[in-house]
$ cat protein.cif   # mmCIF, C-alpha atoms (C1' of nucleotides)
data_structure
loop_
_atom_site.label_atom_id
_atom_site.label_comp_id
_atom_site.auth_asym_id
_atom_site.auth_seq_id
_atom_site.Cartn_x
_atom_site.Cartn_y
_atom_site.Cartn_z
CA MET W 30 0.00 0.00 0.00
CA ASN W 31 1.42 3.34 -0.97
CA GLU W 32 1.65 6.30 1.32
CA ALA W 33 -1.11 8.28 -0.35
CA LYS W 34 -3.64 5.50 -0.09
CA ARG W 35 -2.72 4.83 3.51
CA LYS W 36 -3.30 8.49 4.30
CA ARG W 37 -6.66 8.41 2.63
CA LEU W 38 -7.80 5.36 4.55
CA GLU W 39 -6.59 6.75 7.83
CA GLN W 40 -8.33 10.02 7.11
CA ALA W 41 -11.49 7.99 6.65
CA GLY W 42 -11.06 6.54 10.09
CA TRP W 43 -9.31 3.27 9.33
CA ALA W 44 -6.35 2.13 11.27
CA VAL W 45 -4.00 0.77 8.69
CA GLY W 46 -1.31 -1.69 9.59
CA ASP W 47 -0.04 -5.16 9.00
CA ALA W 48 -1.48 -8.37 10.39
CA ALA W 49 0.79 -8.37 13.43
CA GLN W 50 -0.33 -4.89 14.36
CA PHE W 51 -3.92 -5.92 13.91
CA LEU W 52 -3.54 -8.90 16.20
CA GLU W 53 -1.70 -6.81 18.74
CA LEU W 54 -4.50 -4.27 18.81
CA ASN W 55 -7.03 -6.99 19.39
CA GLU W 56 -4.96 -8.50 22.11
CA HIS W 57 -4.64 -5.16 23.88
CA GLU W 58 -8.33 -4.55 23.48
CA ALA W 59 -9.06 -7.96 24.98
CA ARG W 60 -6.86 -7.27 27.96
CA PHE W 61 -8.46 -3.90 28.40
CA VAL W 62 -11.92 -5.44 28.45
CA GLU W 63 -10.80 -8.15 30.85
CA MET W 64 -9.50 -5.53 33.22
CA LYS W 65 -12.79 -3.70 33.09
CA LEU W 66 -14.74 -6.88 33.74
CA ALA W 67 -12.49 -7.76 36.66
CA LEU W 68 -13.08 -4.36 38.22
CA ALA W 69 -16.81 -4.62 37.53
CA ALA W 70 -16.92 -7.96 39.29
CA GLY W 71 -15.09 -6.34 42.18
CA VAL W 72 -17.73 -3.66 42.50
CA ARG W 73 -20.53 -6.19 42.59
CA GLN W 74 -18.71 -8.41 45.05
CA LYS W 75 -17.94 -5.61 47.47
CA ARG W 76 -21.40 -4.07 47.19
CA GLU W 77 -23.09 -7.37 47.96
CA ARG W 78 -20.73 -8.19 50.77
CA ILE W 79 -21.51 -4.83 52.37
CA GLY W 80 -25.18 -5.53 51.84
CA LEU W 81 -25.92 -2.51 49.71
CA THR W 82 -28.51 -2.39 46.99
CA GLN W 83 -27.66 -0.89 43.61
CA THR W 84 -29.90 2.02 44.48
CA SER W 85 -28.13 2.78 47.75
CA LEU W 86 -24.72 2.55 46.14
CA ALA W 87 -25.99 4.87 43.45
CA GLU W 88 -26.85 7.42 46.15
CA ARG W 89 -23.37 7.25 47.59
CA LEU W 90 -21.94 7.72 44.14
CA GLY W 91 -24.30 10.55 43.33
CA SER W 92 -25.58 8.49 40.46
CA SER W 93 -28.48 6.28 39.49
CA GLN W 94 -29.40 2.62 39.89
CA SER W 95 -29.28 2.05 36.18
CA ARG W 96 -25.73 3.28 35.99
CA VAL W 97 -24.67 1.02 38.82
CA ALA W 98 -26.20 -1.88 36.92
CA LYS W 99 -24.10 -0.89 33.93
CA ILE W 100 -21.01 -0.47 36.06
CA GLU W 101 -21.38 -4.01 37.34
CA ALA W 102 -22.07 -5.32 33.87
CA GLY W 103 -18.90 -3.69 32.54
CA ASP W 104 -21.03 -1.92 29.95
CA ARG W 105 -19.34 -0.20 27.03
CA SER W 106 -20.47 3.17 28.36
CA VAL W 107 -18.59 2.65 31.63
CA SER W 108 -15.03 3.90 31.92
CA ILE W 109 -12.32 2.48 34.12
CA ASP W 110 -12.37 5.82 35.88
CA LEU W 111 -15.95 5.25 36.93
CA LEU W 112 -15.18 1.69 37.99
CA VAL W 113 -12.26 2.85 40.10
CA ARG W 114 -14.21 5.69 41.68
CA SER W 115 -16.99 3.25 42.48
CA LEU W 116 -14.55 0.89 44.15
CA LEU W 117 -13.00 3.71 46.19
CA THR W 118 -16.48 4.75 47.28
CA ILE W 119 -17.31 1.31 48.64
CA GLY W 120 -14.09 1.25 50.56
CA ALA W 121 -11.55 -0.45 48.32
CA ASN W 122 -8.01 0.85 48.55
CA PRO W 123 -5.51 1.00 45.70
CA ALA W 124 -3.91 -2.29 46.74
CA GLU W 125 -7.27 -4.03 46.52
CA ILE W 126 -7.99 -2.45 43.15
CA ALA W 127 -4.59 -3.60 41.98
CA GLN W 128 -5.51 -7.13 42.99
CA TYR W 129 -8.58 -7.09 40.77
CA ILE W 130 -6.54 -5.89 37.82
CA LYS W 131 -3.82 -8.40 38.43
CA ARG W 132 -6.44 -11.10 38.36
CA ALA W 133 -7.52 -9.95 34.90
CA GLY W 134 -4.32 -11.24 33.36
CA ALA W 135 -3.97 -14.37 35.43
CA THR W 136 -5.56 -16.83 33.03
CA ARG W 137 -3.26 -15.96 30.19
CA ALA W 138 0.44 -16.44 29.83
CA ALA W 139 2.08 -13.21 30.95
CA MET F 6 -30.24 22.11 56.89
CA ASN F 7 -33.73 21.35 55.75
CA GLU F 8 -34.59 19.15 52.84
CA ALA F 9 -35.73 21.99 50.60
CA LYS F 10 -32.50 23.94 50.97
CA ARG F 11 -30.43 20.81 50.43
CA LYS F 12 -32.29 20.14 47.22
CA ARG F 13 -31.69 23.68 46.04
CA LEU F 14 -27.98 23.50 46.74
CA GLU F 15 -27.64 20.14 45.07
CA GLN F 16 -29.58 21.41 42.11
CA ALA F 17 -27.03 24.21 41.90
CA GLY F 18 -24.24 21.68 41.74
CA TRP F 19 -23.22 21.41 45.38
CA ALA F 20 -22.60 18.11 47.01
CA VAL F 21 -24.15 18.49 50.41
CA GLY F 22 -23.11 16.29 53.28
CA ASP F 23 -21.54 16.30 56.69
CA ALA F 24 -17.87 16.83 57.48
CA ALA F 25 -17.05 13.14 57.49
CA GLN F 26 -18.54 12.72 54.05
CA PHE F 27 -16.59 15.73 52.87
CA LEU F 28 -13.31 14.35 54.15
CA GLU F 29 -14.07 10.95 52.70
CA LEU F 30 -14.71 12.45 49.30
CA ASN F 31 -11.43 14.30 49.41
CA GLU F 32 -9.60 11.22 50.50
CA HIS F 33 -11.05 9.22 47.64
CA GLU F 34 -10.24 11.99 45.23
CA ALA F 35 -6.67 12.06 46.52
CA ARG F 36 -6.29 8.32 46.05
CA PHE F 37 -7.77 8.56 42.61
CA VAL F 38 -5.27 11.23 41.62
CA GLU F 39 -2.40 9.25 43.11
CA MET F 40 -3.39 6.26 41.06
CA LYS F 41 -3.43 8.35 37.92
CA LEU F 42 -0.04 9.82 38.69
CA ALA F 43 1.42 6.39 39.38
CA LEU F 44 0.16 5.15 36.02
CA ALA F 45 1.42 8.28 34.30
CA ALA F 46 4.86 7.74 35.78
CA GLY F 47 4.69 4.17 34.52
CA VAL F 48 4.04 5.34 30.99
CA ARG F 49 6.98 7.69 31.04
CA GLN F 50 9.26 5.13 32.58
CA LYS F 51 8.40 2.42 30.09
CA ARG F 52 8.50 4.75 27.11
CA GLU F 53 11.95 6.01 28.02
CA ARG F 54 13.25 2.55 28.78
CA ILE F 55 12.13 1.43 25.33
CA GLY F 56 13.75 4.49 23.86
CA LEU F 57 10.65 5.91 22.26
CA THR F 58 9.98 9.59 21.80
CA GLN F 59 6.60 11.06 22.74
CA THR F 60 5.93 11.53 19.04
CA SER F 61 6.63 7.91 18.17
CA LEU F 62 4.51 6.64 21.04
CA ALA F 63 1.77 8.99 19.86
CA GLU F 64 1.91 7.29 16.46
CA ARG F 65 1.49 3.87 18.01
CA LEU F 66 -1.43 5.16 20.04
CA GLY F 67 -2.98 6.86 17.06
CA SER F 68 -2.71 10.11 18.92
CA SER F 69 -0.55 13.21 19.11
CA GLN F 70 2.63 14.24 20.88
CA SER F 71 0.81 16.80 22.95
CA ARG F 72 -1.56 14.21 24.28
CA VAL F 73 1.28 11.92 25.24
CA ALA F 74 2.82 14.82 27.14
CA LYS F 75 -0.47 15.23 28.99
CA ILE F 76 -0.72 11.52 29.63
CA GLU F 77 2.69 11.53 31.27
CA ALA F 78 1.82 14.64 33.25
CA GLY F 79 -1.33 13.01 34.58
CA ASP F 80 -3.27 15.96 33.22
CA ARG F 81 -6.87 16.46 34.31
CA SER F 82 -8.01 15.76 30.78
CA VAL F 83 -6.48 12.28 30.81
CA SER F 84 -8.61 9.35 31.89
CA ILE F 85 -7.38 6.19 33.54
CA ASP F 86 -8.68 4.42 30.46
CA LEU F 87 -6.22 6.32 28.30
CA LEU F 88 -3.40 5.68 30.74
CA VAL F 89 -4.14 1.97 30.77
CA ARG F 90 -4.43 1.75 27.00
CA SER F 91 -1.14 3.59 26.70
CA LEU F 92 0.54 1.15 29.04
CA LEU F 93 -0.84 -1.84 27.16
CA THR F 94 0.42 -0.32 23.93
CA ILE F 95 3.98 -0.06 25.22
CA GLY F 96 3.89 -3.63 26.35
CA ALA F 97 2.77 -3.59 29.95
CA ASN F 98 0.59 -6.49 31.04
CA PRO F 99 -2.21 -6.30 33.62
CA ALA F 100 0.08 -7.56 36.37
CA GLU F 101 2.49 -4.73 35.71
CA ILE F 102 -0.30 -2.19 35.62
CA ALA F 103 -1.56 -3.57 38.90
CA GLN F 104 1.89 -2.99 40.37
CA TYR F 105 1.79 0.68 39.48
CA ILE F 106 -1.61 1.06 41.10
CA LYS F 107 -0.59 -0.81 44.18
CA ARG F 108 2.32 1.55 44.55
CA ALA F 109 -0.07 4.49 44.57
CA GLY F 110 -1.36 3.53 47.97
CA ALA F 111 1.92 2.40 49.45
CA THR F 112 2.90 5.61 51.22
CA ARG F 113 -0.31 5.82 53.19
CA ALA F 114 -1.67 3.50 55.83
CA ALA F 115 -3.96 1.06 54.10
"C1'" DG U 13 25.58 30.60 21.84
"C1'" DG U 14 22.72 28.62 18.30
"C1'" DG U 15 20.16 25.17 15.98
"C1'" DA U 16 17.68 20.90 16.31
"C1'" DA U 17 15.05 17.63 18.68
"C1'" DA U 18 12.14 16.68 22.39
"C1'" DT U 19 8.71 18.03 25.57
"C1'" DA U 20 5.08 21.18 27.48
"C1'" DT U 21 0.91 24.17 27.29
"C1'" DG U 22 -3.35 26.27 25.48
"C1'" DT U 23 -7.41 25.88 22.68
"C1'" DC U 24 -10.93 23.94 19.67
"C1'" DA U 25 -14.30 20.61 17.47
"C1'" DT U 26 -15.76 16.16 17.87
"C1'" DA U 27 -16.45 11.83 20.25
"C1'" DT U 28 -17.33 9.45 24.33
"C1'" DT U 29 -19.07 9.12 28.95
"C1'" DG U 30 -22.37 9.63 32.68
"C1'" DG U 31 -26.65 10.75 35.18
"C1'" DA U 32 -31.45 10.53 34.62
"C1'" DC U 33 -35.68 8.63 33.37
"C1'" DA U 34 -38.79 5.06 31.63
"C1'" DT U 35 -39.66 0.53 31.52
"C1'" DA U 36 -38.75 -4.34 31.37
"C1'" DG U 37 -37.36 -8.46 33.69
"C1'" DA U 38 -36.06 -11.10 37.79
"C1'" DT U 39 -36.26 -12.45 42.56
"C1'" DT U 40 -38.34 -12.91 47.05
"C1'" DC U 41 -41.98 -13.03 50.40
"C1'" DT U 42 -46.55 -14.13 51.92
"C1'" DA R 15 -50.45 -15.79 42.18
"C1'" DG R 16 -49.37 -11.15 42.96
"C1'" DA R 17 -47.17 -7.42 45.41
"C1'" DA R 18 -42.89 -5.53 46.57
"C1'" DT R 19 -38.12 -5.05 45.89
"C1'" DC R 20 -34.12 -5.47 43.19
"C1'" DT R 21 -31.68 -5.56 38.78
"C1'" DA R 22 -31.24 -4.89 33.59
"C1'" DT R 23 -31.73 -2.31 29.22
"C1'" DG R 24 -32.52 1.49 26.10
"C1'" DT R 25 -32.53 6.42 25.14
"C1'" DC R 26 -31.59 11.33 25.79
"C1'" DC R 27 -28.56 15.40 26.39
"C1'" DA R 28 -25.15 17.58 29.41
"C1'" DA R 29 -20.55 17.05 30.82
"C1'" DT R 30 -16.05 15.39 30.07
"C1'" DA R 31 -12.24 13.31 27.35
"C1'" DT R 32 -9.62 13.13 23.19
"C1'" DG R 33 -7.03 14.11 18.95
"C1'" DA R 34 -5.26 17.87 16.48
"C1'" DC R 35 -3.01 21.97 15.82
"C1'" DA R 36 -0.31 26.09 17.07
"C1'" DT R 37 3.09 27.63 19.77
"C1'" DA R 38 6.07 27.91 23.83
"C1'" DT R 39 9.64 25.96 26.56
"C1'" DT R 40 13.32 22.81 27.69
"C1'" DT R 41 17.19 19.73 26.62
"C1'" DC R 42 21.01 18.25 24.04
"C1'" DC R 43 24.79 18.45 20.88
"C1'" DC R 44 28.15 20.96 18.20
#
$ encode --input "protein.cif" --output "structure tokens"
Amino acid sequence: MNEAKRKRLEQAGWAVGDAAQFLELNEHEARFVEMKLALAAGVRQKRERIGLTQTSLAERLGSSQSRVAKIEAGDRSVSIDLLVRSLLTIGANPAEIAQYIKRAGATRAA
Amino acid sequence: MNEAKRKRLEQAGWAVGDAAQFLELNEHEARFVEMKLALAAGVRQKRERIGLTQTSLAERLGSSQSRVAKIEAGDRSVSIDLLVRSLLTIGANPAEIAQYIKRAGATRAA
DNA sequence: GGGAAATATGTCATATTGGACATAGATTCT
DNA sequence: AGAATCTATGTCCAATATGACATATTTCCC
């Protein structure tokens, strides 16, 4: 692929690269999602252990029940920032949050 | 403070609560910022170790040099999501990312 | 000191995220 | 079964994050 065509594709919103790059992107994306899901599971686990309902956690977060549901589902519209802030709000400390993230990579060869 | 006034203040964008809640919020905010800074430092460290320039990392991220500078500065406009994606891009795995986060809480009593 | 390369800072337009609401579905209790 | 409580899903629009660009500042080498 020549430079001009590459530019055109990228301008149109395509990430252009070779197969290795493509696989790498997917791998990173997969890890990213796994981390989010691990944190989401952490939120649910801690909330239930504390005996909070989604609604009451939502109040503490200054948010809504529906968003808490999405947080715990690891919904696309939920950022890691929101997951982390949620965990801090229910009393997790950085070390605990780190544990969740560490767990996200545990099933794969590091 | 009566309910009506509270509502008015909250409507105006004020989080209304008692002193303990206020301190707790600040503490969580502080931890959140520390986590971001720890991740930001991780990005810089790994980038430099690899011998990349901010511009070349920006290319890999599909972003710009200025944003990489902000990433490494832990700028307000940089989300943890972006920090994590940056770290994954320069070859950090979840376990390594967890280490950075764990470090963020290490100077304080857990 | 001067030029080049690297990094930092400010701003803008666009894309993404988040809180809110409505409503659907699930679970539990009697 | 059905009422009550809890959780899930979809949509809207306000707020925030992001890439891009321009430009300033710092660092390094000669």
$ resolve_selection --input "protein.cif" --expression "the PyMOL selection byres ((chain U) within 12 of (chain F))" --output "list in words"
DA17, DA18, DT19, DA20, DT21, DG22, DT28 and DT29 of chain U
$ resolve_selection --input "protein.cif" --expression "the PyMOL selection byres ((chain R) within 9 of (chain W))" --output "list in words"
DC20, DT21, DA22 and DT23 of chain R
$ write_last_selection --input "protein.cif" --atoms "C-alpha atoms (C1' of nucleotides)" --output "CSV table (one decimal), keeping the file's coordinate frame"
chain,number,residue,atom,x,y,z
R,20,DC,C1',-34.1,-5.5,43.2
R,21,DT,C1',-31.7,-5.6,38.8
R,22,DA,C1',-31.2,-4.9,33.6
R,23,DT,C1',-31.7,-2.3,29.2
$ interface_residues --input "protein.cif" --of "chain F" --to "chain W" --cutoff "8 Å" --atoms "all atoms listed in the file" --output "list of chain:residue names"
F:His33, F:Arg36, F:Phe37, F:Met40, F:Ser84, F:Ile85, F:Asp86, F:Val89, F:Arg90, F:Leu93, F:Thr94, F:Asn98, F:Pro99, F:Ala100, F:Glu101, F:Ile102, F:Ala103, F:Gln104, F:Ile106, F:Lys107, F:Arg108, F:Ala109, F:Gly110, F:Ala111, F:Ala115
$ resolve_selection --input "protein.cif" --expression "the PyMOL selection byres ((chain U and resi 15) around 12)" --output "list in words"
DG13, DG14, DA16 and DA17 of chain U; DC42, DC43 and DC44 of chain R
$ atom_distance --input "protein.cif" --atom1 "C1' of DC26 (chain R)" --atom2 "C1' of DA36 (chain U)"
18.1 Å
$ atom_distance --input "protein.cif" --atom1 "CA of Ser82 (chain F)" --atom2 "C1' of DT25 (chain R)"
26.8 Å
